[in-house]
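Visitor: Here you go, one structure.
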Number of protein chains: 2
Amino acid sequence: MSPTIRDIAEAAGVSTAAVSYVINDKPGVGEETRRRVLKIMREMNYRPNPQARGLAARRTGMIGLMIPDITDPFYVNIVRGVEAKANELGYTLNLCTTHGDAERERDVAELFASGGVDGVIMMTYKLTPSELKELSEGRAPVVAIDNPEAAGWVPSVLVDNIALGRTATSYLTELGHTRIGFIHGVEGSIASMRRYEGYVQALKSQGAEFSPELVEYGGFTHAGGVEAARVLLSRPQRPTAIFAANDQMALGAMSAAMELGLSVPSDLSIIGVDDIEAAALVVPGLTTLKQPTCEIGACAVGILADLIRSPEGDDEAGASDVGQRVFEARLIVRGSCAPRQ
Amino acid sequence: MSPTIRDIAEAAGVSTAAVSYVINDKPGVGEETRRRVLKIMREMNYRPNPQARGLAARRTGMIGLMIPDITDPFYVNIVRGVEAKANELGYTLNLCTTHGDAERERDVAELFASGGVDGVIMMTYKLTPSELKELSEGRAPVVAIDNPEAAGWVPSVLVDNIALGRTATSYLTELGHTRIGFIHGVEGSIASMRRYEGYVQALKSQGAEFSPELVEYGGFTHAGGVEAARVLLSRPQRPTAIFAANDQMALGAMSAAMELGLSVPSDLSIIGVDDIEAAALVVPGLTTLKQPTCEIGACAVGILADLIRSPEGDDEAGASDVGQRVFEARLIVRGSCAPRQ
DNA sequence: ATTCTAACCTTAACCGGTTAAGTTGTCCTC
DNA sequence: GAGGACAACTTAACCGGTTAAGGTTAGAAT
């Protein structure tokens with residue numbers, strides 16, 4: 001088997017404590033001894049056992065990351081940000097996906113709570129805020145991403161989806177559009193609802209038309225986007241622009257438009273959200289709103305690392321000051337939107 | 001703090017050993033005692049500490065997964081397969097990305113080797129097979145995915161990229177094409193080289209033309225595909241079909257064709273590899289070769305779990321029998337290929 | 001009545017580290 | 001030259017579980 005700290009200690013003629021001090025760069029060991037121990041560690045190819053270390057020092061060096069779906073580019077990009085920052089801070093990542101399943105979310109939360117990780121980053125939609133809060137009061141602190149409901153309960157980093165909706169919609173109204181369709185994601189999606197809220201706000205403030213006839217659901221999928229757009233475009237007075245709550249649906253809307261003989265952007269302007277890879281590849285390119293996913297991930301890790309270092313709760317200020325960081329989406333202009341003719 | 005096994009033992013009036021037996025469903029505990037202990041565990045919201053467990057029982061319940069890039073759909077789909085199967089077998093995933101960086105690959109390997117995981121699944125391209133083998137002889141067994149060089153050294157699961165190249169190319173020759181271009185990925189990519197090899201084999205066996213003029217590099221990116229296709233299509237005798245080593249480049253080739261006023265598939269047939277999401281969304285749909293990524297991932301976990309259960313090495317049969325499982329890619333026919341006119 | 005067996009449970013040594021407290025030796029100071 | 005301060009180690013008690021080996025007890029077999 002691989003050598004233990006005792007083997008090293010013996011070989012170097014010192015106590016395990018001394019070796020431990022060397023490993024952790026702590027004072028109390030002479031220069032000469034330190035060098036000797038290091039040399040022997042190298043020679044014997046010694047690697048401290050992370051489990052034993054963790055057990056004794058009460059840390060695992062791991063951050064748990066819970067996301068619904070590793071296929072969705074939005075989450076993947078957040079994972080990238082998280083990974084980069086976590087790595088920078090010396091943490092390794094424990095990734096679990098939940099597929100939006102409530103039970104699985106609970107299982108994973110349980111797993112993380114049992115102490116396998118030093119902290120948890122959660123993108124969860126089924127767990128209630130109080131469940132989250134309870135979890136965070138256990139062994140590992142929690143930071144929530146993209147969950148407005150959890151904000152206020154646990155430290156959160158969010159994107160302002162209402163502003164996002166306003167930005168997208170205003171961009172279209174400023175191009176002269178007044179009949180603008182909206183394609184929701186799945187029913188009950190908070191992100192979708194907030195984007196819709198921004199859409200309504202912008203319509204009102206710009207004096208553009210608002211009608212339930214302009215709103216459909218597309219389930220966040222390409223096929224759903226096709227369906228929804230077909231419905232919207234076959235209405236007596238069809239919209240001249242469509243704002244879809246994500247890019248897959250926006251691309252679906254684009255297909256539907258082509259299928260109906262409408263040209264994008266001259267007959268129909270389309271705007272999406274997420275800036276997925278395909279958005280840049282289609283012709284015309286899809287104008288979209290990009291959320292700063294990498295920064296979001298990195299920011300969450302930063303907050304979490306602080307919490308791990310100095311566990312909360314010991315302040316009298318009350319729970320009202322749980323951190324919260326809000327990011328804004330950025331408009332990426334490509335070719336899919338044009339002034340109304 | 002959260003209760004320990006000693007707290008439970010005390011509350012139940014038994015020894016910690018008894019509690020441990022209950023936790024692990026081992027015999028030697030009476031029905032009544034077992035029930036009492038379970039009840040108390042529930043009441044006190046007890047969760048065994050995974051680190052302590054791992055230390056004592058010499059397992060972590062984690063599988064390390066090393067991939068170059070979490071953005072690449074090919075890897076992501078493998079991760080999905082791995083995650084699902086790992087989860088099924090009670091393992092959790094420790095994900096690390098290397099960005100194809102040799103030093104990072106070594107760091108991660110080191111991390112895994114130090115015993116943080118029970119086994120490792122590697123998609124690595126910079127580590128030498130002997131480094132891999134050495135790693136696998138340490139604390140954690142290793143399974144390699146998609147690394148033909150490692151096969152024979154460590155248990156491997158692969159896709160037959162030569163056959164893939166043959167399949168793609170034969171599909172085109174059978175449609176009557178004789179001048180078929182090939183777009184490589186990055187230089188030195190083994191996958192790309194093997195696909196090329198299959199391409200050459202198919203050309204030869206079908207008596208089609210082979211010329212260095214028909215081969216370009218596209219670096220696996222969309223932009224690179226555009227570039228490469230431009231070059232190929234501006235040659236005196238332009239190819240009537242192009243086989244790109246991945247879908248991004250194939251889509252790039254499609255853009256280049258449109259840009260040059262060529263229509264796909266009537267003027268130019270295009271075939272790619274990977275079946276990325278966008279392949280189904282463009283018009284015409286991209287014909288492509290899909291690797292059974294989920295099965296590959298699941299298969300790797302299966303092999304690894306066996307190795308973890310019964311560590312190798314104890315057989316006299318020699319190292320020649322390291323497992324190896326080869327998968328075949330499947331042709332997905334969409335609209336981007338047509339008979340030569 | 002004694003021995004054997006089996007079921008049930010406890011003791012205590014580990015797993016491989018960390019770390020507070022204690023020991024030893026050296027040098028400095030007054 | 002006694003006392004104190006400091007550097008360099010060591011001792012040993014943990015961290016929170018697992019598990020081999022041993023101890024009781026009750027009931028069955030002899």
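Identifiers in this document derive from the order of the structure tokens: chains are assigned A, B, ..., residues are numbered from 1 separately in each chain, and ligands are numbered from 1 in order of occurrence.
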Give me the residues of chain B that have any atom at most 10 Å from an atom of chain C; for each, the nearest atom pair and the distance in Å, rounded to one decimal. Use only C-alpha atoms (C1' of nucleotides), sort by chain and number, and format it as JSON lines.

Guide:
```
{"residue": "B:Val14", "atom": "CA", "partner": "C:DC9", "partner_atom": "C1'", "distance": 8.0}
{"residue": "B:Ser15", "atom": "CA", "partner": "C:DT10", "partner_atom": "C1'", "distance": 6.4}
{"residue": "B:Thr16", "atom": "CA", "partner": "C:DT10", "partner_atom": "C1'", "distance": 9.0}
{"residue": "B:Ala17", "atom": "CA", "partner": "C:DT10", "partner_atom": "C1'", "distance": 7.8}
{"residue": "B:Ala18", "atom": "CA", "partner": "C:DC9", "partner_atom": "C1'", "distance": 7.0}
{"residue": "B:Pro27", "atom": "CA", "partner": "C:DC8", "partner_atom": "C1'", "distance": 9.5}
{"residue": "B:Gly28", "atom": "CA", "partner": "C:DC8", "partner_atom": "C1'", "distance": 5.9}
{"residue": "B:Val29", "atom": "CA", "partner": "C:DC8", "partner_atom": "C1'", "distance": 5.9}
{"residue": "B:Gly30", "atom": "CA", "partner": "C:DC8", "partner_atom": "C1'", "distance": 6.4}
{"residue": "B:Thr33", "atom": "CA", "partner": "C:DC8", "partner_atom": "C1'", "distance": 9.7}
{"residue": "B:Ala52", "atom": "CA", "partner": "C:DC15", "partner_atom": "C1'", "distance": 8.5}
{"residue": "B:Arg53", "atom": "CA", "partner": "C:DC15", "partner_atom": "C1'", "distance": 9.2}
{"residue": "B:Gly54", "atom": "CA", "partner": "C:DC15", "partner_atom": "C1'", "distance": 8.6}
{"residue": "B:Leu55", "atom": "CA", "partner": "C:DC15", "partner_atom": "C1'", "distance": 5.2}
{"residue": "B:Ala56", "atom": "CA", "partner": "C:DC15", "partner_atom": "C1'", "distance": 4.5}
{"residue": "B:Ala57", "atom": "CA", "partner": "C:DC15", "partner_atom": "C1'", "distance": 7.5}
{"residue": "B:Arg58", "atom": "CA", "partner": "C:DC15", "partner_atom": "C1'", "distance": 7.6}
```

Visitor: For the residues in that selection, give me all heavy atoms as a short mmCIF file (atom, residue, chain, number, x, y, z; two decimals), in the first residue's frame.

Guide:
```
data_model
loop_
_atom_site.label_atom_id
_atom_site.label_comp_id
_atom_site.auth_asym_id
_atom_site.auth_seq_id
_atom_site.Cartn_x
_atom_site.Cartn_y
_atom_site.Cartn_z
N VAL B 14 -26.45 1.55 23.82
CA VAL B 14 -25.68 0.43 23.26
C VAL B 14 -24.28 0.93 22.91
O VAL B 14 -23.96 2.10 23.11
CB VAL B 14 -26.34 -0.12 21.98
CG1 VAL B 14 -27.68 -0.76 22.29
CG2 VAL B 14 -26.49 0.97 20.94
N SER B 15 -23.47 0.04 22.37
CA SER B 15 -22.12 0.45 21.97
C SER B 15 -22.14 1.04 20.57
O SER B 15 -23.09 0.84 19.82
CB SER B 15 -21.19 -0.75 21.99
OG SER B 15 -21.54 -1.62 20.94
N THR B 16 -21.06 1.73 20.22
CA THR B 16 -21.00 2.30 18.87
C THR B 16 -20.96 1.19 17.83
O THR B 16 -21.44 1.36 16.72
CB THR B 16 -19.74 3.16 18.70
OG1 THR B 16 -18.58 2.33 18.83
CG2 THR B 16 -19.68 4.27 19.73
N ALA B 17 -20.37 0.07 18.20
CA ALA B 17 -20.30 -1.04 17.26
C ALA B 17 -21.71 -1.46 16.83
O ALA B 17 -21.98 -1.65 15.65
CB ALA B 17 -19.57 -2.21 17.88
N ALA B 18 -22.59 -1.56 17.83
CA ALA B 18 -23.96 -1.97 17.53
C ALA B 18 -24.60 -0.99 16.55
O ALA B 18 -25.23 -1.38 15.57
CB ALA B 18 -24.77 -2.05 18.81
N PRO B 27 -25.55 -8.26 10.33
CA PRO B 27 -26.20 -9.12 11.32
C PRO B 27 -25.54 -8.94 12.69
O PRO B 27 -24.48 -8.33 12.79
CB PRO B 27 -25.94 -10.52 10.79
CG PRO B 27 -24.70 -10.39 9.98
CD PRO B 27 -24.72 -9.03 9.40
N GLY B 28 -26.15 -9.49 13.68
CA GLY B 28 -25.58 -9.43 15.01
C GLY B 28 -26.26 -8.41 15.91
O GLY B 28 -25.76 -8.09 16.97
N VAL B 29 -27.39 -7.93 15.45
CA VAL B 29 -28.16 -7.00 16.28
C VAL B 29 -29.60 -7.49 16.33
O VAL B 29 -30.17 -7.84 15.30
CB VAL B 29 -28.14 -5.57 15.71
CG1 VAL B 29 -28.86 -4.61 16.64
CG2 VAL B 29 -26.72 -5.11 15.47
N GLY B 30 -30.14 -7.54 17.51
CA GLY B 30 -31.51 -8.01 17.67
C GLY B 30 -32.52 -7.06 17.05
O GLY B 30 -32.26 -5.87 16.91
N THR B 33 -33.54 -4.01 19.28
CA THR B 33 -32.46 -3.01 19.40
C THR B 33 -32.33 -2.24 18.09
O THR B 33 -32.23 -1.02 18.07
CB THR B 33 -31.12 -3.71 19.68
OG1 THR B 33 -31.31 -4.64 20.74
CG2 THR B 33 -30.06 -2.71 20.05
N ALA B 52 -15.19 9.84 7.79
CA ALA B 52 -14.81 8.86 8.80
C ALA B 52 -15.09 7.45 8.28
O ALA B 52 -14.29 6.54 8.41
CB ALA B 52 -15.59 9.12 10.08
N ARG B 53 -16.26 7.34 7.68
CA ARG B 53 -16.62 6.06 7.09
C ARG B 53 -15.60 5.60 6.10
O ARG B 53 -15.14 4.45 6.10
CB ARG B 53 -17.93 6.23 6.32
CG ARG B 53 -19.10 5.92 7.14
CD ARG B 53 -20.32 6.00 6.28
NE ARG B 53 -21.16 4.88 6.63
CZ ARG B 53 -22.18 4.46 5.91
NH1 ARG B 53 -22.44 5.05 4.76
NH2 ARG B 53 -22.90 3.47 6.31
N GLY B 54 -15.25 6.52 5.21
CA GLY B 54 -14.31 6.19 4.16
C GLY B 54 -12.97 5.81 4.72
O GLY B 54 -12.34 4.84 4.28
N LEU B 55 -12.56 6.56 5.72
CA LEU B 55 -11.25 6.30 6.30
C LEU B 55 -11.20 4.89 6.89
O LEU B 55 -10.28 4.12 6.63
CB LEU B 55 -10.97 7.33 7.39
CG LEU B 55 -9.61 7.24 8.06
CD1 LEU B 55 -8.51 7.31 7.00
CD2 LEU B 55 -9.44 8.35 9.07
N ALA B 56 -12.23 4.58 7.63
CA ALA B 56 -12.24 3.28 8.30
C ALA B 56 -12.47 2.14 7.31
O ALA B 56 -11.84 1.10 7.39
CB ALA B 56 -13.32 3.28 9.37
N ALA B 57 -13.37 2.34 6.38
CA ALA B 57 -13.73 1.25 5.49
C ALA B 57 -12.93 1.28 4.19
O ALA B 57 -13.12 0.43 3.32
CB ALA B 57 -15.21 1.30 5.20
N ARG B 58 -12.08 2.27 4.05
CA ARG B 58 -11.24 2.39 2.86
C ARG B 58 -12.04 2.52 1.57
O ARG B 58 -11.81 1.81 0.61
CB ARG B 58 -10.31 1.21 2.72
CG ARG B 58 -9.51 1.01 3.95
CD ARG B 58 -8.33 0.18 3.63
NE ARG B 58 -7.34 0.41 4.64
CZ ARG B 58 -7.19 -0.36 5.67
NH1 ARG B 58 -7.95 -1.38 5.82
NH2 ARG B 58 -6.28 -0.08 6.56
#
```

Visitor: Within 10 Å of Ala11 in chain A, counting only C-alpha atoms (C1' of nucleotides), which residues qualify if same-chain residues fewer than 2 places away don't, as a ChimeraX atom specification?

Guide: /A:5-9,13-14,36-37,40-41,44

Visitor: Skip Gly181 in chain B itself and residues of its chain fewer than 3 positions away, then list as a PyMOL selection string all residues within 12 Å of it, counting only C-alpha atoms (C1' of nucleotides).

Guide: chain B and resi 168-169+172-173+177-178+184+196+199-200+203+208-217+225+228-235+237-245+250+253+268-272

Visitor: Can I get the selected residues back with N, CA and C atoms, as a short mmCIF file (atom, residue, chain, number, x, y, z; two decimals), in the first residue's frame?

Guide:
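Below is the file result-v1.cif, written as the result:
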```cif
data_model
loop_
_atom_site.label_atom_id
_atom_site.label_comp_id
_atom_site.auth_asym_id
_atom_site.auth_seq_id
_atom_site.Cartn_x
_atom_site.Cartn_y
_atom_site.Cartn_z
N ALA B 168 -18.81 6.94 -42.76
CA ALA B 168 -19.16 8.26 -43.28
C ALA B 168 -18.79 8.35 -44.75
N THR B 169 -17.57 7.91 -45.05
CA THR B 169 -17.07 8.05 -46.41
C THR B 169 -17.82 7.14 -47.39
N LEU B 172 -21.03 8.45 -48.52
CA LEU B 172 -20.91 9.44 -49.59
C LEU B 172 -20.58 8.79 -50.93
N THR B 173 -19.68 7.82 -50.92
CA THR B 173 -19.34 7.17 -52.20
C THR B 173 -20.56 6.43 -52.75
N HIS B 177 -20.56 10.01 -54.92
CA HIS B 177 -19.49 11.02 -54.86
C HIS B 177 -18.12 10.36 -55.05
N THR B 178 -17.27 11.05 -55.77
CA THR B 178 -15.91 10.54 -55.96
C THR B 178 -14.86 11.55 -55.52
N HIS B 184 -9.98 17.87 -41.14
CA HIS B 184 -9.38 17.42 -39.88
C HIS B 184 -9.78 18.35 -38.74
N TYR B 196 -9.74 9.99 -40.33
CA TYR B 196 -9.07 10.19 -41.62
C TYR B 196 -8.63 8.86 -42.22
N TYR B 199 -11.45 7.20 -43.67
CA TYR B 199 -11.77 7.92 -44.91
C TYR B 199 -10.90 7.42 -46.06
N VAL B 200 -9.59 7.33 -45.78
CA VAL B 200 -8.67 6.86 -46.82
C VAL B 200 -8.99 5.42 -47.22
N LEU B 203 -12.07 5.35 -49.37
CA LEU B 203 -11.79 5.87 -50.72
C LEU B 203 -11.11 4.80 -51.55
N ALA B 208 -12.37 5.52 -55.14
CA ALA B 208 -12.57 6.96 -55.31
C ALA B 208 -11.24 7.69 -55.25
N GLU B 209 -11.31 8.94 -55.60
CA GLU B 209 -10.09 9.72 -55.72
C GLU B 209 -9.53 10.09 -54.34
N PHE B 210 -8.21 10.00 -54.26
CA PHE B 210 -7.59 10.50 -53.04
C PHE B 210 -6.49 11.48 -53.38
N SER B 211 -6.55 12.64 -52.78
CA SER B 211 -5.53 13.63 -53.06
C SER B 211 -5.35 14.52 -51.84
N PRO B 212 -4.12 14.92 -51.54
CA PRO B 212 -3.86 15.82 -50.42
C PRO B 212 -4.59 17.15 -50.60
N GLU B 213 -4.93 17.45 -51.82
CA GLU B 213 -5.67 18.68 -52.12
C GLU B 213 -7.05 18.66 -51.49
N LEU B 214 -7.49 17.46 -51.12
CA LEU B 214 -8.85 17.33 -50.59
C LEU B 214 -8.88 17.38 -49.07
N VAL B 215 -7.73 17.61 -48.45
CA VAL B 215 -7.66 17.56 -46.99
C VAL B 215 -7.23 18.89 -46.38
N GLU B 216 -7.99 19.33 -45.41
CA GLU B 216 -7.65 20.58 -44.71
C GLU B 216 -7.85 20.42 -43.21
N TYR B 217 -7.33 21.35 -42.45
CA TYR B 217 -7.51 21.33 -40.99
C TYR B 217 -8.48 22.42 -40.55
N GLY B 225 -13.95 25.42 -39.58
CA GLY B 225 -14.66 24.69 -40.63
C GLY B 225 -14.97 25.59 -41.81
N ALA B 228 -11.63 26.12 -43.69
CA ALA B 228 -11.19 24.92 -44.40
C ALA B 228 -12.07 24.68 -45.63
N ALA B 229 -13.37 24.85 -45.45
CA ALA B 229 -14.29 24.60 -46.57
C ALA B 229 -14.06 25.61 -47.67
N ARG B 230 -13.80 26.84 -47.31
CA ARG B 230 -13.51 27.87 -48.32
C ARG B 230 -12.34 27.43 -49.18
N VAL B 231 -11.30 26.98 -48.52
CA VAL B 231 -10.13 26.54 -49.26
C VAL B 231 -10.48 25.38 -50.19
N LEU B 232 -11.14 24.38 -49.61
CA LEU B 232 -11.48 23.19 -50.41
C LEU B 232 -12.35 23.56 -51.60
N LEU B 233 -13.31 24.45 -51.36
CA LEU B 233 -14.29 24.75 -52.40
C LEU B 233 -13.74 25.70 -53.47
N SER B 234 -12.60 26.30 -53.18
CA SER B 234 -12.03 27.21 -54.18
C SER B 234 -10.95 26.53 -55.01
N ARG B 235 -10.73 25.26 -54.75
CA ARG B 235 -9.75 24.52 -55.55
C ARG B 235 -10.30 24.36 -56.96
N GLN B 237 -10.71 21.89 -59.04
CA GLN B 237 -11.79 20.91 -59.12
C GLN B 237 -12.36 20.74 -57.73
N ARG B 238 -13.46 21.39 -57.44
CA ARG B 238 -13.93 21.35 -56.06
C ARG B 238 -14.63 20.03 -55.75
N PRO B 239 -14.54 19.60 -54.48
CA PRO B 239 -15.21 18.36 -54.08
C PRO B 239 -16.72 18.51 -54.17
N THR B 240 -17.41 17.39 -54.34
CA THR B 240 -18.88 17.44 -54.36
C THR B 240 -19.43 17.02 -53.01
N ALA B 241 -18.53 16.62 -52.13
CA ALA B 241 -18.96 16.24 -50.78
C ALA B 241 -17.83 16.52 -49.80
N ILE B 242 -18.21 16.79 -48.56
CA ILE B 242 -17.21 17.03 -47.53
C ILE B 242 -17.55 16.24 -46.27
N PHE B 243 -16.53 15.60 -45.75
CA PHE B 243 -16.67 14.87 -44.49
C PHE B 243 -15.84 15.63 -43.46
N ALA B 244 -16.52 16.18 -42.46
CA ALA B 244 -15.81 16.95 -41.43
C ALA B 244 -15.71 16.11 -40.17
N ALA B 245 -14.59 16.24 -39.47
CA ALA B 245 -14.33 15.37 -38.32
C ALA B 245 -15.19 15.71 -37.11
N ALA B 250 -18.54 20.86 -39.67
CA ALA B 250 -19.47 20.55 -40.76
C ALA B 250 -20.45 21.71 -40.96
N ALA B 253 -18.71 24.39 -42.65
CA ALA B 253 -18.62 24.10 -44.08
C ALA B 253 -19.93 24.47 -44.77
N LEU B 268 -23.44 20.46 -52.88
CA LEU B 268 -22.42 19.93 -51.97
C LEU B 268 -23.07 19.13 -50.86
N SER B 269 -22.63 17.89 -50.70
CA SER B 269 -23.10 17.08 -49.58
C SER B 269 -22.14 17.25 -48.41
N ILE B 270 -22.70 17.29 -47.21
CA ILE B 270 -21.85 17.46 -46.03
C ILE B 270 -22.24 16.46 -44.94
N ILE B 271 -21.22 15.86 -44.34
CA ILE B 271 -21.48 14.94 -43.24
C ILE B 271 -20.54 15.27 -42.09
N GLY B 272 -21.07 15.17 -40.88
CA GLY B 272 -20.25 15.51 -39.71
C GLY B 272 -20.19 14.35 -38.72
#
```

Visitor: Please provide the set of residues having any atom within 7 Å of Asp146 in chain B, restricted to only C-alpha atoms (C1' of nucleotides), with same-chain residues fewer than 3 positions apart removed, written as a list in words.

Guide: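 What passes the distance filter is Met123, Val157, Leu158 and Val159 of chain B.
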
Visitor: Take the residues from that selection and write them out as a PDB file, in the first residue's frame, keeping all heavy atoms.

Guide:
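Writing done, so here's part-v1.pdb:
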```pdb
ATOM      1  N   MET B 123     -10.536  10.862 -19.547  1.00  0.00           N
ATOM      2  CA  MET B 123     -10.477  11.194 -20.945  1.00  0.00           C
ATOM      3  C   MET B 123      -9.326  12.156 -21.036  1.00  0.00           C
ATOM      4  O   MET B 123      -9.461  13.337 -20.795  1.00  0.00           O
ATOM      5  CB  MET B 123     -11.766  11.839 -21.387  1.00  0.00           C
ATOM      6  CG  MET B 123     -12.930  10.980 -20.958  1.00  0.00           C
ATOM      7  SD  MET B 123     -14.416  11.358 -21.859  1.00  0.00           S
ATOM      8  CE  MET B 123     -13.865  11.147 -23.512  1.00  0.00           C
ATOM      9  N   VAL B 157     -12.603   1.945 -22.835  1.00  0.00           N
ATOM     10  CA  VAL B 157     -13.754   1.868 -23.716  1.00  0.00           C
ATOM     11  C   VAL B 157     -13.587   2.916 -24.805  1.00  0.00           C
ATOM     12  O   VAL B 157     -13.228   4.052 -24.551  1.00  0.00           O
ATOM     13  CB  VAL B 157     -15.113   1.917 -22.951  1.00  0.00           C
ATOM     14  CG1 VAL B 157     -14.946   2.219 -21.512  1.00  0.00           C
ATOM     15  CG2 VAL B 157     -16.092   2.814 -23.615  1.00  0.00           C
ATOM     16  N   LEU B 158     -13.793   2.453 -26.012  1.00  0.00           N
ATOM     17  CA  LEU B 158     -13.452   3.254 -27.177  1.00  0.00           C
ATOM     18  C   LEU B 158     -14.572   3.255 -28.188  1.00  0.00           C
ATOM     19  O   LEU B 158     -15.441   2.388 -28.170  1.00  0.00           O
ATOM     20  CB  LEU B 158     -12.239   2.635 -27.887  1.00  0.00           C
ATOM     21  CG  LEU B 158     -11.052   2.215 -27.041  1.00  0.00           C
ATOM     22  CD1 LEU B 158     -10.334   1.062 -27.708  1.00  0.00           C
ATOM     23  CD2 LEU B 158     -10.143   3.401 -26.868  1.00  0.00           C
ATOM     24  N   VAL B 159     -14.505   4.207 -29.091  1.00  0.00           N
ATOM     25  CA  VAL B 159     -15.321   4.063 -30.281  1.00  0.00           C
ATOM     26  C   VAL B 159     -14.358   3.795 -31.425  1.00  0.00           C
ATOM     27  O   VAL B 159     -13.240   4.290 -31.434  1.00  0.00           O
ATOM     28  CB  VAL B 159     -16.164   5.310 -30.606  1.00  0.00           C
ATOM     29  CG1 VAL B 159     -16.966   5.709 -29.405  1.00  0.00           C
ATOM     30  CG2 VAL B 159     -15.288   6.446 -31.057  1.00  0.00           C
TER      31      VAL B 159
END
```

Visitor: Using only C-alpha atoms, find which residues of chain A lie within 8 Å of chain B and jot them down as number ranges by chain.

Guide: A: 1-2, 47-52, 54-55, 60, 70-71, 73, 76-77, 80, 83, 92-96, 114-116, 138-139, 222, 251-252, 278, 281-282

Visitor: Can you write out as JSON lines which residues of chain D fall within 10 Å of chain A, alongside each residue's closest atom pair and its distance in Å to one decimal, counting only C-alpha atoms (C1' of nucleotides) and ordering rows by chain and ascending residue number?

Guide:
```
{"residue": "D:DA7", "atom": "C1'", "partner": "A:Gly28", "partner_atom": "CA", "distance": 7.0}
{"residue": "D:DA8", "atom": "C1'", "partner": "A:Val29", "partner_atom": "CA", "distance": 5.8}
{"residue": "D:DC9", "atom": "C1'", "partner": "A:Ala18", "partner_atom": "CA", "distance": 7.2}
{"residue": "D:DT10", "atom": "C1'", "partner": "A:Ser15", "partner_atom": "CA", "distance": 6.4}
{"residue": "D:DT11", "atom": "C1'", "partner": "A:Ser15", "partner_atom": "CA", "distance": 9.2}
{"residue": "D:DC14", "atom": "C1'", "partner": "A:Ala56", "partner_atom": "CA", "distance": 8.0}
{"residue": "D:DC15", "atom": "C1'", "partner": "A:Ala56", "partner_atom": "CA", "distance": 4.5}
{"residue": "D:DG16", "atom": "C1'", "partner": "A:Leu55", "partner_atom": "CA", "distance": 7.6}
{"residue": "D:DG17", "atom": "C1'", "partner": "A:Leu55", "partner_atom": "CA", "distance": 9.9}
```

Visitor: Just the number, please: distance in Å from CA of Leu175 in chain B to CA of Lys204 in chain B, one decimal.

Guide: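 Taking CA of Leu175 in chain B and CA of Lys204 in chain B, their separation equals 15.9 Å.
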
Visitor: Excluding Ser156 in chain B and any residue of its chain fewer than 5 positions from it, enumerate the residues within 12 Å of it, using only C-alpha atoms (C1' of nucleotides), and give them as a PyMOL selection string.

Guide: chain B and resi 120-124+129+132-133+141-151+296-297+299-304+321-327

Visitor: Which of range 11-121 of chain A counts as strand (DSSP E or B) under DSSP, as an MDAnalysis selection string please?

Guide: chainID A and resid 62:67 92:97 119:121

Visitor: Just the number, please: distance in Å from CA of Lys290 in chain B to CA of Ala256 in chain B, one decimal.

Guide: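 Taking CA of Lys290 in chain B as the start and CA of Ala256 in chain B as the end point, the length is 23.2 Å.
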
Visitor: Would you compute the distance between CA of Ala329 in chain B and CA of Thr288 in chain B? Give it in Å to one decimal.

Guide: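 Spanning CA of Ala329 in chain B to CA of Thr288 in chain B is a straight-line distance of 9.7 Å.
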